$ cat model25.pdb   # PDB, C-alpha atoms, pLDDT in the B column
ATOM      1  CA  MET V   1       0.000   0.000   0.000  1.00 81.00           C
ATOM      2  CA  LYS V   2       1.281   3.449  -0.932  1.00 91.00           C
ATOM      3  CA  LEU V   3       0.429   6.475   1.219  1.00 96.00           C
ATOM      4  CA  LEU V   4       0.959  10.220   0.910  1.00 97.00           C
ATOM      5  CA  VAL V   5       1.463  12.226   4.113  1.00 98.00           C
ATOM      6  CA  VAL V   6       1.080  16.012   3.809  1.00 97.00           C
ATOM      7  CA  GLU V   7       2.298  17.698   6.986  1.00 96.00           C
ATOM      8  CA  ASP V   8       4.226  20.966   7.307  1.00 94.00           C
ATOM      9  CA  ASP V   9       5.476  20.114  10.820  1.00 95.00           C
ATOM     10  CA  LEU V  10       8.520  18.176   9.635  1.00 95.00           C
ATOM     11  CA  LYS V  11       9.132  16.512  12.998  1.00 96.00           C
ATOM     12  CA  LEU V  12       5.553  15.227  13.188  1.00 96.00           C
ATOM     13  CA  GLY V  13       5.582  14.273   9.521  1.00 96.00           C
ATOM     14  CA  GLU V  14       8.766  12.237   9.917  1.00 97.00           C
ATOM     15  CA  THR V  15       7.351  10.561  13.036  1.00 97.00           C
ATOM     16  CA  VAL V  16       4.141   9.603  11.228  1.00 97.00           C
ATOM     17  CA  LYS V  17       6.159   8.335   8.273  1.00 97.00           C
ATOM     18  CA  HIS V  18       8.401   6.284  10.570  1.00 97.00           C
ATOM     19  CA  TYR V  19       5.432   4.509  12.173  1.00 97.00           C
ATOM     20  CA  LEU V  20       3.782   3.869   8.805  1.00 97.00           C
ATOM     21  CA  VAL V  21       6.957   2.458   7.266  1.00 96.00           C
ATOM     22  CA  ALA V  22       7.299   0.185  10.318  1.00 96.00           C
ATOM     23  CA  GLU V  23       3.853  -1.185   9.338  1.00 95.00           C
ATOM     24  CA  ASN V  24       5.239  -1.961   5.846  1.00 93.00           C
ATOM     25  CA  TYR V  25       3.517   0.893   4.017  1.00 94.00           C
ATOM     26  CA  GLN V  26       5.275   2.811   1.248  1.00 93.00           C
ATOM     27  CA  VAL V  27       5.196   6.473   2.236  1.00 96.00           C
ATOM     28  CA  ASN V  28       5.881   9.806   0.534  1.00 96.00           C
ATOM     29  CA  LEU V  29       6.040  12.934   2.695  1.00 97.00           C
ATOM     30  CA  ALA V  30       5.193  16.446   1.462  1.00 97.00           C
ATOM     31  CA  VAL V  31       5.579  19.580   3.595  1.00 96.00           C
ATOM     32  CA  ASN V  32       3.626  22.019   1.408  1.00 96.00           C
ATOM     33  CA  SER V  33       0.890  22.039  -1.220  1.00 95.00           C
ATOM     34  CA  SER V  34       3.191  22.300  -4.254  1.00 95.00           C
ATOM     35  CA  GLU V  35       5.088  19.172  -3.210  1.00 96.00           C
ATOM     36  CA  ALA V  36       1.823  17.370  -2.511  1.00 95.00           C
ATOM     37  CA  LEU V  37       0.275  18.256  -5.871  1.00 93.00           C
ATOM     38  CA  GLU V  38       3.416  17.208  -7.752  1.00 92.00           C
ATOM     39  CA  LEU V  39       3.431  13.837  -5.984  1.00 91.00           C
ATOM     40  CA  LEU V  40      -0.279  13.359  -6.703  1.00 90.00           C
ATOM     41  CA  LYS V  41       0.343  14.120 -10.353  1.00 84.00           C
ATOM     42  CA  ASN V  42       2.969  11.406 -10.722  1.00 79.00           C
ATOM     43  CA  ASN V  43       1.850   8.678  -8.309  1.00 80.00           C
ATOM     44  CA  VAL V  44      -1.148   6.529  -7.476  1.00 77.00           C
ATOM     45  CA  TYR V  45      -1.879   6.358  -3.747  1.00 87.00           C
ATOM     46  CA  ASP V  46      -4.061   4.095  -1.649  1.00 87.00           C
ATOM     47  CA  GLN V  47      -4.537   6.758   1.035  1.00 94.00           C
ATOM     48  CA  LEU V  48      -3.878  10.470   1.598  1.00 97.00           C
ATOM     49  CA  ILE V  49      -3.150  11.760   5.102  1.00 97.00           C
ATOM     50  CA  LEU V  50      -3.614  15.525   5.086  1.00 97.00           C
ATOM     51  CA  ASP V  51      -2.846  18.314   7.506  1.00 95.00           C
ATOM     52  CA  TRP V  52      -5.297  21.195   7.126  1.00 93.00           C
ATOM     53  CA  GLU V  53      -3.046  24.231   7.439  1.00 92.00           C
ATOM     54  CA  ILE V  54       0.012  23.903   5.185  1.00 94.00           C
ATOM     55  CA  PRO V  55       1.986  26.423   3.110  1.00 93.00           C
ATOM     56  CA  GLY V  56       0.294  27.272  -0.186  1.00 93.00           C
ATOM     57  CA  GLN V  57      -3.096  25.711  -0.712  1.00 94.00           C
ATOM     58  CA  SER V  58      -4.778  24.210   2.334  1.00 94.00           C
ATOM     59  CA  GLY V  59      -5.252  20.510   2.891  1.00 94.00           C
ATOM     60  CA  LEU V  60      -8.960  21.133   2.369  1.00 94.00           C
ATOM     61  CA  GLU V  61      -8.295  22.563  -1.105  1.00 95.00           C
ATOM     62  CA  ILE V  62      -6.007  19.649  -1.996  1.00 95.00           C
ATOM     63  CA  CYS V  63      -8.702  17.206  -0.890  1.00 95.00           C
ATOM     64  CA  LEU V  64     -11.353  18.952  -2.985  1.00 92.00           C
ATOM     65  CA  GLN V  65      -9.143  19.150  -6.096  1.00 90.00           C
ATOM     66  CA  TYR V  66      -8.174  15.504  -5.744  1.00 89.00           C
ATOM     67  CA  ARG V  67     -11.804  14.393  -5.596  1.00 87.00           C
ATOM     68  CA  GLN V  68     -12.810  16.657  -8.496  1.00 84.00           C
ATOM     69  CA  SER V  69     -10.051  15.154 -10.650  1.00 79.00           C
ATOM     70  CA  GLY V  70     -11.411  11.656 -10.016  1.00 74.00           C
ATOM     71  CA  GLY V  71      -9.152  10.606  -7.125  1.00 79.00           C
ATOM     72  CA  ARG V  72     -10.672   7.695  -5.217  1.00 79.00           C
ATOM     73  CA  ALA V  73      -8.134   6.908  -2.468  1.00 87.00           C
ATOM     74  CA  ALA V  74      -9.193   7.200   1.166  1.00 92.00           C
ATOM     75  CA  ILE V  75      -8.457  10.563   2.808  1.00 95.00           C
ATOM     76  CA  LEU V  76      -7.705  11.058   6.499  1.00 97.00           C
ATOM     77  CA  PHE V  77      -7.350  14.549   7.969  1.00 96.00           C
ATOM     78  CA  LEU V  78      -4.946  15.170  10.852  1.00 94.00           C
ATOM     79  CA  THR V  79      -5.655  18.626  12.271  1.00 90.00           C
ATOM     80  CA  GLY V  80      -5.914  20.762  15.337  1.00 87.00           C
ATOM     81  CA  ARG V  81      -9.219  22.203  14.154  1.00 86.00           C
ATOM     82  CA  THR V  82     -12.025  21.040  16.404  1.00 80.00           C
ATOM     83  CA  THR V  83     -15.272  22.801  15.485  1.00 89.00           C
ATOM     84  CA  LEU V  84     -18.287  21.079  13.979  1.00 88.00           C
ATOM     85  CA  GLU V  85     -18.053  23.486  11.029  1.00 91.00           C
ATOM     86  CA  ASP V  86     -14.499  22.306  10.311  1.00 90.00           C
ATOM     87  CA  LEU V  87     -15.535  18.671  10.573  1.00 89.00           C
ATOM     88  CA  SER V  88     -18.424  19.287   8.184  1.00 91.00           C
ATOM     89  CA  ALA V  89     -16.165  21.120   5.705  1.00 91.00           C
ATOM     90  CA  ALA V  90     -13.679  18.238   5.683  1.00 91.00           C
ATOM     91  CA  TYR V  91     -16.320  15.621   4.923  1.00 92.00           C
ATOM     92  CA  GLU V  92     -17.994  17.808   2.309  1.00 91.00           C
ATOM     93  CA  SER V  93     -14.663  18.223   0.508  1.00 91.00           C
ATOM     94  CA  GLY V  94     -14.320  14.437   0.221  1.00 92.00           C
ATOM     95  CA  ALA V  95     -12.587  13.310   3.429  1.00 93.00           C
ATOM     96  CA  ASP V  96     -13.301   9.832   4.812  1.00 93.00           C
ATOM     97  CA  ASP V  97     -12.075  10.328   8.372  1.00 94.00           C
ATOM     98  CA  TYR V  98     -10.882  13.083  10.693  1.00 93.00           C
ATOM     99  CA  LEU V  99      -8.425  12.745  13.603  1.00 94.00           C
ATOM    100  CA  ARG V 100      -7.791  15.668  15.922  1.00 93.00           C
ATOM    101  CA  LYS V 101      -4.305  16.617  17.125  1.00 93.00           C
ATOM    102  CA  PRO V 102      -2.760  15.649  19.440  1.00 92.00           C
ATOM    103  CA  PHE V 103      -3.513  11.983  18.792  1.00 94.00           C
ATOM    104  CA  HIS V 104      -2.261   8.605  19.975  1.00 95.00           C
ATOM    105  CA  MET V 105      -0.144   6.909  17.326  1.00 96.00           C
ATOM    106  CA  GLN V 106      -1.824   3.551  17.861  1.00 95.00           C
ATOM    107  CA  GLU V 107      -5.257   5.058  17.190  1.00 96.00           C
ATOM    108  CA  PHE V 108      -3.853   6.704  14.075  1.00 96.00           C
ATOM    109  CA  LEU V 109      -2.513   3.386  12.750  1.00 97.00           C
ATOM    110  CA  LEU V 110      -5.835   1.659  13.453  1.00 96.00           C
ATOM    111  CA  ARG V 111      -7.724   4.321  11.499  1.00 94.00           C
ATOM    112  CA  VAL V 112      -5.293   4.102   8.581  1.00 96.00           C
ATOM    113  CA  ALA V 113      -5.716   0.321   8.415  1.00 94.00           C
ATOM    114  CA  ALA V 114      -9.510   0.531   8.676  1.00 92.00           C
ATOM    115  CA  LEU V 115      -9.742   3.067   5.848  1.00 91.00           C
ATOM    116  CA  LEU V 116      -7.495   0.976   3.638  1.00 89.00           C
ATOM    117  CA  ARG V 117      -9.643  -2.109   4.156  1.00 84.00           C
ATOM    118  CA  ARG V 118     -12.755  -0.102   3.369  1.00 79.00           C
ATOM    119  CA  SER V 119     -11.383   1.430   0.168  1.00 69.00           C
ATOM    120  CA  GLU V 120      -9.237  -1.417  -1.163  1.00 63.00           C
ATOM    121  CA  SER V 121     -11.817  -2.756  -3.603  1.00 51.00           C
ATOM    122  CA  VAL V 122     -12.405   0.750  -4.996  1.00 52.00           C
ATOM    123  CA  THR V 123      -8.779   1.810  -5.419  1.00 50.00           C
ATOM    124  CA  LYS V 124      -7.838  -1.436  -7.146  1.00 58.00           C
ATOM    125  CA  SER V 125     -10.249  -0.627  -9.947  1.00 68.00           C
ATOM    126  CA  VAL V 126      -9.077   2.978 -10.394  1.00 78.00           C
ATOM    127  CA  LEU V 127      -5.831   3.953 -12.090  1.00 82.00           C
ATOM    128  CA  LYS V 128      -4.398   7.464 -11.967  1.00 83.00           C
ATOM    129  CA  LEU V 129      -1.323   8.310 -14.008  1.00 87.00           C
ATOM    130  CA  GLY V 130      -0.310  11.798 -15.040  1.00 87.00           C
ATOM    131  CA  PRO V 131      -3.395  13.505 -16.528  1.00 90.00           C
ATOM    132  CA  PHE V 132      -5.313  10.214 -16.844  1.00 92.00           C
ATOM    133  CA  VAL V 133      -7.862   8.680 -14.472  1.00 90.00           C
ATOM    134  CA  MET V 134      -9.252   5.271 -15.445  1.00 90.00           C
ATOM    135  CA  ASP V 135     -12.041   3.325 -13.754  1.00 87.00           C
ATOM    136  CA  SER V 136     -11.892  -0.214 -15.131  1.00 81.00           C
ATOM    137  CA  THR V 137     -15.190  -1.273 -13.524  1.00 79.00           C
ATOM    138  CA  GLN V 138     -17.106   1.624 -15.090  1.00 82.00           C
ATOM    139  CA  PHE V 139     -15.188   1.468 -18.401  1.00 88.00           C
ATOM    140  CA  ARG V 140     -14.424   5.182 -18.105  1.00 91.00           C
ATOM    141  CA  VAL V 141     -11.248   7.166 -18.624  1.00 94.00           C
ATOM    142  CA  SER V 142     -10.594  10.890 -18.506  1.00 94.00           C
ATOM    143  CA  LYS V 143      -7.687  13.175 -19.306  1.00 93.00           C
ATOM    144  CA  ASN V 144      -7.383  16.396 -17.309  1.00 89.00           C
ATOM    145  CA  GLY V 145     -10.963  15.854 -16.140  1.00 88.00           C
ATOM    146  CA  LYS V 146     -12.399  15.434 -19.671  1.00 91.00           C
ATOM    147  CA  GLU V 147     -13.866  12.021 -20.472  1.00 93.00           C
ATOM    148  CA  LEU V 148     -12.425  10.160 -23.458  1.00 95.00           C
ATOM    149  CA  LYS V 149     -14.590   7.997 -25.702  1.00 95.00           C
ATOM    150  CA  LEU V 150     -12.612   4.813 -26.367  1.00 95.00           C
ATOM    151  CA  SER V 151     -13.482   1.538 -28.044  1.00 94.00           C
ATOM    152  CA  ARG V 152     -13.008  -1.652 -26.028  1.00 92.00           C
ATOM    153  CA  MET V 153      -9.639  -2.422 -27.628  1.00 94.00           C
ATOM    154  CA  GLU V 154      -8.449   1.178 -27.202  1.00 96.00           C
ATOM    155  CA  PHE V 155      -9.482   1.076 -23.548  1.00 95.00           C
ATOM    156  CA  GLU V 156      -7.720  -2.237 -22.903  1.00 93.00           C
ATOM    157  CA  LEU V 157      -4.590  -1.078 -24.708  1.00 95.00           C
ATOM    158  CA  LEU V 158      -4.443   2.153 -22.696  1.00 95.00           C
ATOM    159  CA  GLN V 159      -5.110   0.232 -19.478  1.00 91.00           C
ATOM    160  CA  LEU V 160      -2.178  -2.085 -20.209  1.00 91.00           C
ATOM    161  CA  PHE V 161       0.087   0.897 -20.874  1.00 92.00           C
ATOM    162  CA  MET V 162      -1.037   2.743 -17.736  1.00 90.00           C
ATOM    163  CA  ARG V 163      -0.419  -0.297 -15.541  1.00 83.00           C
ATOM    164  CA  ASN V 164       3.041  -0.693 -17.068  1.00 84.00           C
ATOM    165  CA  ALA V 165       4.215   2.869 -17.818  1.00 83.00           C
ATOM    166  CA  GLY V 166       7.756   2.904 -19.173  1.00 85.00           C
ATOM    167  CA  ARG V 167       7.813  -0.788 -20.071  1.00 87.00           C
ATOM    168  CA  LEU V 168       8.618  -1.720 -23.667  1.00 90.00           C
ATOM    169  CA  PHE V 169       6.088  -4.066 -25.296  1.00 91.00           C
ATOM    170  CA  SER V 170       6.735  -5.914 -28.529  1.00 93.00           C
ATOM    171  CA  PRO V 171       3.849  -6.000 -31.051  1.00 93.00           C
ATOM    172  CA  GLU V 172       3.529  -9.721 -30.380  1.00 93.00           C
ATOM    173  CA  GLU V 173       3.101  -9.125 -26.630  1.00 90.00           C
ATOM    174  CA  LEU V 174       0.399  -6.514 -27.217  1.00 94.00           C
ATOM    175  CA  LEU V 175      -1.513  -8.775 -29.577  1.00 93.00           C
ATOM    176  CA  GLU V 176      -1.328 -11.733 -27.176  1.00 88.00           C
ATOM    177  CA  THR V 177      -2.468  -9.603 -24.229  1.00 87.00           C
ATOM    178  CA  VAL V 178      -5.073  -7.228 -25.683  1.00 91.00           C
ATOM    179  CA  TRP V 179      -6.301  -9.247 -28.673  1.00 90.00           C
ATOM    180  CA  LYS V 180      -6.049 -12.674 -27.010  1.00 81.00           C
ATOM    181  CA  ASP V 181      -9.748 -13.459 -27.536  1.00 77.00           C
ATOM    182  CA  SER V 182     -10.178 -11.594 -30.807  1.00 83.00           C
ATOM    183  CA  ASP V 183     -10.517 -13.121 -34.257  1.00 85.00           C
ATOM    184  CA  ASP V 184      -8.624 -10.132 -35.663  1.00 87.00           C
ATOM    185  CA  LYS V 185      -5.257 -10.721 -33.969  1.00 89.00           C
ATOM    186  CA  THR V 186      -3.199  -9.056 -36.700  1.00 93.00           C
ATOM    187  CA  SER V 187      -0.454  -6.451 -36.978  1.00 93.00           C
ATOM    188  CA  ASN V 188      -2.828  -4.281 -38.995  1.00 95.00           C
ATOM    189  CA  ALA V 189      -5.410  -4.369 -36.168  1.00 95.00           C
ATOM    190  CA  LEU V 190      -2.733  -3.251 -33.715  1.00 95.00           C
ATOM    191  CA  ARG V 191      -1.513  -0.415 -35.946  1.00 94.00           C
ATOM    192  CA  THR V 192      -5.071   0.810 -36.565  1.00 96.00           C
ATOM    193  CA  CYS V 193      -5.954   0.749 -32.860  1.00 96.00           C
ATOM    194  CA  MET V 194      -2.672   2.467 -31.959  1.00 96.00           C
ATOM    195  CA  LYS V 195      -3.331   5.254 -34.461  1.00 96.00           C
ATOM    196  CA  LYS V 196      -6.866   5.879 -33.192  1.00 97.00           C
ATOM    197  CA  LEU V 197      -5.777   5.800 -29.536  1.00 97.00           C
ATOM    198  CA  ARG V 198      -3.003   8.309 -30.179  1.00 96.00           C
ATOM    199  CA  LEU V 199      -5.458  10.691 -31.830  1.00 96.00           C
ATOM    200  CA  LYS V 200      -7.634  10.570 -28.703  1.00 96.00           C
ATOM    201  CA  ILE V 201      -4.986  10.865 -25.966  1.00 96.00           C
ATOM    202  CA  ASP V 202      -2.210  13.001 -27.480  1.00 95.00           C
ATOM    203  CA  ASP V 203      -2.037  16.787 -27.479  1.00 91.00           C
ATOM    204  CA  GLU V 204      -1.745  18.556 -30.814  1.00 87.00           C
ATOM    205  CA  ASN V 205       1.781  19.396 -31.964  1.00 84.00           C
ATOM    206  CA  GLN V 206       3.263  17.326 -29.129  1.00 87.00           C
ATOM    207  CA  GLU V 207       5.234  14.095 -29.227  1.00 91.00           C
ATOM    208  CA  SER V 208       2.981  11.062 -28.824  1.00 94.00           C
ATOM    209  CA  MET V 209       2.637   9.576 -25.339  1.00 94.00           C
ATOM    210  CA  ILE V 210       2.959   6.161 -26.993  1.00 95.00           C
ATOM    211  CA  GLN V 211       6.545   5.918 -28.210  1.00 93.00           C
ATOM    212  CA  ASN V 212       7.425   3.699 -31.147  1.00 92.00           C
ATOM    213  CA  VAL V 213      10.858   2.164 -30.505  1.00 92.00           C
ATOM    214  CA  HIS V 214      12.017   1.185 -33.991  1.00 88.00           C
ATOM    215  CA  GLY V 215      12.259  -2.556 -34.462  1.00 88.00           C
ATOM    216  CA  LEU V 216      11.336  -3.323 -30.839  1.00 92.00           C
ATOM    217  CA  GLY V 217       7.826  -2.147 -30.042  1.00 94.00           C
ATOM    218  CA  TYR V 218       5.911   0.464 -28.039  1.00 95.00           C
ATOM    219  CA  ARG V 219       6.327   2.226 -24.717  1.00 93.00           C
ATOM    220  CA  PHE V 220       3.962   4.551 -22.823  1.00 93.00           C
ATOM    221  CA  ARG V 221       5.439   7.699 -21.317  1.00 86.00           C
ATOM    222  CA  VAL V 222       3.939  10.282 -18.998  1.00 76.00           C
ATOM    223  CA  ASP V 223       6.132  13.328 -18.341  1.00 67.00           C
TER     224      ASP V 223
END

$ encode --input "model25.pdb" --output "structure tokens"
Amino acid sequence: MKLLVVEDDLKLGETVKHYLVAENYQVNLAVNSSEALELLKNNVYDQLILDWEIPGQSGLEICLQYRQSGGRAAILFLTGRTTLEDLSAAYESGADDYLRKPFHMQEFLLRVAALLRRSESVTKSVLKLGPFVMDSTQFRVSKNGKELKLSRMEFELLQLFMRNAGRLFSPEELLETVWKDSDDKTSNALRTCMKKLRLKIDDENQESMIQNVHGLGYRFRVD
């Protein structure tokens, strides 16, 4: 499980990270909103642990933006705010749980584990990579918040690339994986699907996100 901790109190953030790593979680720590947003852009997390008051945008704003962009991971707030209005604002922005500071570390770890169990089935079906958010159970994918209309083969091809970003696939591998049950398992079918998918996911006048490595195959890149 991969977690993002956003906490501007470095000592507390490092302590929280230490306890989480001891529980065998992978943990990234951000101390301000710009670091947090950059990490969210380039990683898929199973849970976000957010402080409310951090430099730049607030934890509340990060939570809201994350949910609006399609983020589905569980969100736990750690904050000194105690009013009912604050609690209501956190849940309305998309939070799943709310733990007031100061807190006991054992209670914190129990809440983290409970949220992960609750959200595991959801996060497994949702991929987030760069500008893309894909929900495999709903057969939906968006780029920068705008839904893309893909055929079944285009969707499965993009899903394979997103789950294996940076990996080089030979044409034969792609055909065996994506077209395994198709009667049209041909190089022409792959080239046609690749062309249509590129038209739908690439930006104009920019290098394609699907790189063609001459003589070897294809690789998906997200800057």

$ closest_residue --input "model25.pdb" --among "V:Gln65, V:Asn42, V:Gln211, V:Thr186" --to "Leu127 of chain V" --atoms "only C-alpha atoms"
V:Asn42

$ resolve_selection --input "model25.pdb" --expression "the PyMOL selection byres ((chain V and resi 68-85) around 9)" --output "MDAnalysis selection string"
chainID V and resid 7 44:53 59:60 63:67 86:90 94:103 111:112 115:116 118:120 122:123 126:128 133:134 142 144:145

$ atom_distance --input "model25.pdb" --atom1 "atom CA of Ala114 of chain V" --atom2 "atom CA of Met1 of chain V"
12.9 Å

$ resolve_selection --input "model25.pdb" --expression "the PyMOL selection byres ((chain V and resi 189-204) around 9)" --output "CSV table (one decimal) with C-alpha atoms, in the frame of the given file"
chain,number,residue,atom,x,y,z
V,143,LYS,CA,-7.7,13.2,-19.3
V,148,LEU,CA,-12.4,10.2,-23.5
V,149,LYS,CA,-14.6,8.0,-25.7
V,150,LEU,CA,-12.6,4.8,-26.4
V,151,SER,CA,-13.5,1.5,-28.0
V,153,MET,CA,-9.6,-2.4,-27.6
V,154,GLU,CA,-8.4,1.2,-27.2
V,155,PHE,CA,-9.5,1.1,-23.5
V,157,LEU,CA,-4.6,-1.1,-24.7
V,158,LEU,CA,-4.4,2.2,-22.7
V,171,PRO,CA,3.8,-6.0,-31.1
V,174,LEU,CA,0.4,-6.5,-27.2
V,175,LEU,CA,-1.5,-8.8,-29.6
V,179,TRP,CA,-6.3,-9.2,-28.7
V,184,ASP,CA,-8.6,-10.1,-35.7
V,185,LYS,CA,-5.3,-10.7,-34.0
V,186,THR,CA,-3.2,-9.1,-36.7
V,187,SER,CA,-0.5,-6.5,-37.0
V,188,ASN,CA,-2.8,-4.3,-39.0
V,205,ASN,CA,1.8,19.4,-32.0
V,206,GLN,CA,3.3,17.3,-29.1
V,207,GLU,CA,5.2,14.1,-29.2
V,208,SER,CA,3.0,11.1,-28.8
V,209,MET,CA,2.6,9.6,-25.3
V,210,ILE,CA,3.0,6.2,-27.0

$ closest_residue --input "model25.pdb" --among "V:Met105, V:Ala165, V:Leu10, V:Val178" --to "Val222 of chain V" --atoms "all atoms listed in the file"
V:Ala165

$ closest_residue --input "model25.pdb" --among "V:Val16, V:Ala36, V:Met162, V:Leu110" --to "Ser136 of chain V" --atoms "only C-alpha atoms"
V:Met162

$ decode --input "model25.pdb" --residues "segment 42-120 of chain V" --atoms "C-alpha atoms" --output "tab-separated table (two decimals), in the first residue's frame"
chain	number	residue	atom	x	y	z
V	42	ASN	CA	2.97	11.41	-10.72
V	43	ASN	CA	1.85	8.68	-8.31
V	44	VAL	CA	-1.15	6.53	-7.48
V	45	TYR	CA	-1.88	6.36	-3.75
V	46	ASP	CA	-4.06	4.09	-1.65
V	47	GLN	CA	-4.54	6.76	1.03
V	48	LEU	CA	-3.88	10.47	1.60
V	49	ILE	CA	-3.15	11.76	5.10
V	50	LEU	CA	-3.61	15.52	5.09
V	51	ASP	CA	-2.85	18.31	7.51
V	52	TRP	CA	-5.30	21.20	7.13
V	53	GLU	CA	-3.05	24.23	7.44
V	54	ILE	CA	0.01	23.90	5.19
V	55	PRO	CA	1.99	26.42	3.11
V	56	GLY	CA	0.29	27.27	-0.19
V	57	GLN	CA	-3.10	25.71	-0.71
V	58	SER	CA	-4.78	24.21	2.33
V	59	GLY	CA	-5.25	20.51	2.89
V	60	LEU	CA	-8.96	21.13	2.37
V	61	GLU	CA	-8.30	22.56	-1.10
V	62	ILE	CA	-6.01	19.65	-2.00
V	63	CYS	CA	-8.70	17.21	-0.89
V	64	LEU	CA	-11.35	18.95	-2.99
V	65	GLN	CA	-9.14	19.15	-6.10
V	66	TYR	CA	-8.17	15.50	-5.74
V	67	ARG	CA	-11.80	14.39	-5.60
V	68	GLN	CA	-12.81	16.66	-8.50
V	69	SER	CA	-10.05	15.15	-10.65
V	70	GLY	CA	-11.41	11.66	-10.02
V	71	GLY	CA	-9.15	10.61	-7.12
V	72	ARG	CA	-10.67	7.69	-5.22
V	73	ALA	CA	-8.13	6.91	-2.47
V	74	ALA	CA	-9.19	7.20	1.17
V	75	ILE	CA	-8.46	10.56	2.81
V	76	LEU	CA	-7.70	11.06	6.50
V	77	PHE	CA	-7.35	14.55	7.97
V	78	LEU	CA	-4.95	15.17	10.85
V	79	THR	CA	-5.65	18.63	12.27
V	80	GLY	CA	-5.91	20.76	15.34
V	81	ARG	CA	-9.22	22.20	14.15
V	82	THR	CA	-12.03	21.04	16.40
V	83	THR	CA	-15.27	22.80	15.49
V	84	LEU	CA	-18.29	21.08	13.98
V	85	GLU	CA	-18.05	23.49	11.03
V	86	ASP	CA	-14.50	22.31	10.31
V	87	LEU	CA	-15.53	18.67	10.57
V	88	SER	CA	-18.42	19.29	8.18
V	89	ALA	CA	-16.17	21.12	5.71
V	90	ALA	CA	-13.68	18.24	5.68
V	91	TYR	CA	-16.32	15.62	4.92
V	92	GLU	CA	-17.99	17.81	2.31
V	93	SER	CA	-14.66	18.22	0.51
V	94	GLY	CA	-14.32	14.44	0.22
V	95	ALA	CA	-12.59	13.31	3.43
V	96	ASP	CA	-13.30	9.83	4.81
V	97	ASP	CA	-12.07	10.33	8.37
V	98	TYR	CA	-10.88	13.08	10.69
V	99	LEU	CA	-8.42	12.75	13.60
V	100	ARG	CA	-7.79	15.67	15.92
V	101	LYS	CA	-4.30	16.62	17.13
V	102	PRO	CA	-2.76	15.65	19.44
V	103	PHE	CA	-3.51	11.98	18.79
V	104	HIS	CA	-2.26	8.61	19.97
V	105	MET	CA	-0.14	6.91	17.33
V	106	GLN	CA	-1.82	3.55	17.86
V	107	GLU	CA	-5.26	5.06	17.19
V	108	PHE	CA	-3.85	6.70	14.07
V	109	LEU	CA	-2.51	3.39	12.75
V	110	LEU	CA	-5.84	1.66	13.45
V	111	ARG	CA	-7.72	4.32	11.50
V	112	VAL	CA	-5.29	4.10	8.58
V	113	ALA	CA	-5.72	0.32	8.41
V	114	ALA	CA	-9.51	0.53	8.68
V	115	LEU	CA	-9.74	3.07	5.85
V	116	LEU	CA	-7.49	0.98	3.64
V	117	ARG	CA	-9.64	-2.11	4.16
V	118	ARG	CA	-12.76	-0.10	3.37
V	119	SER	CA	-11.38	1.43	0.17
V	120	GLU	CA	-9.24	-1.42	-1.16
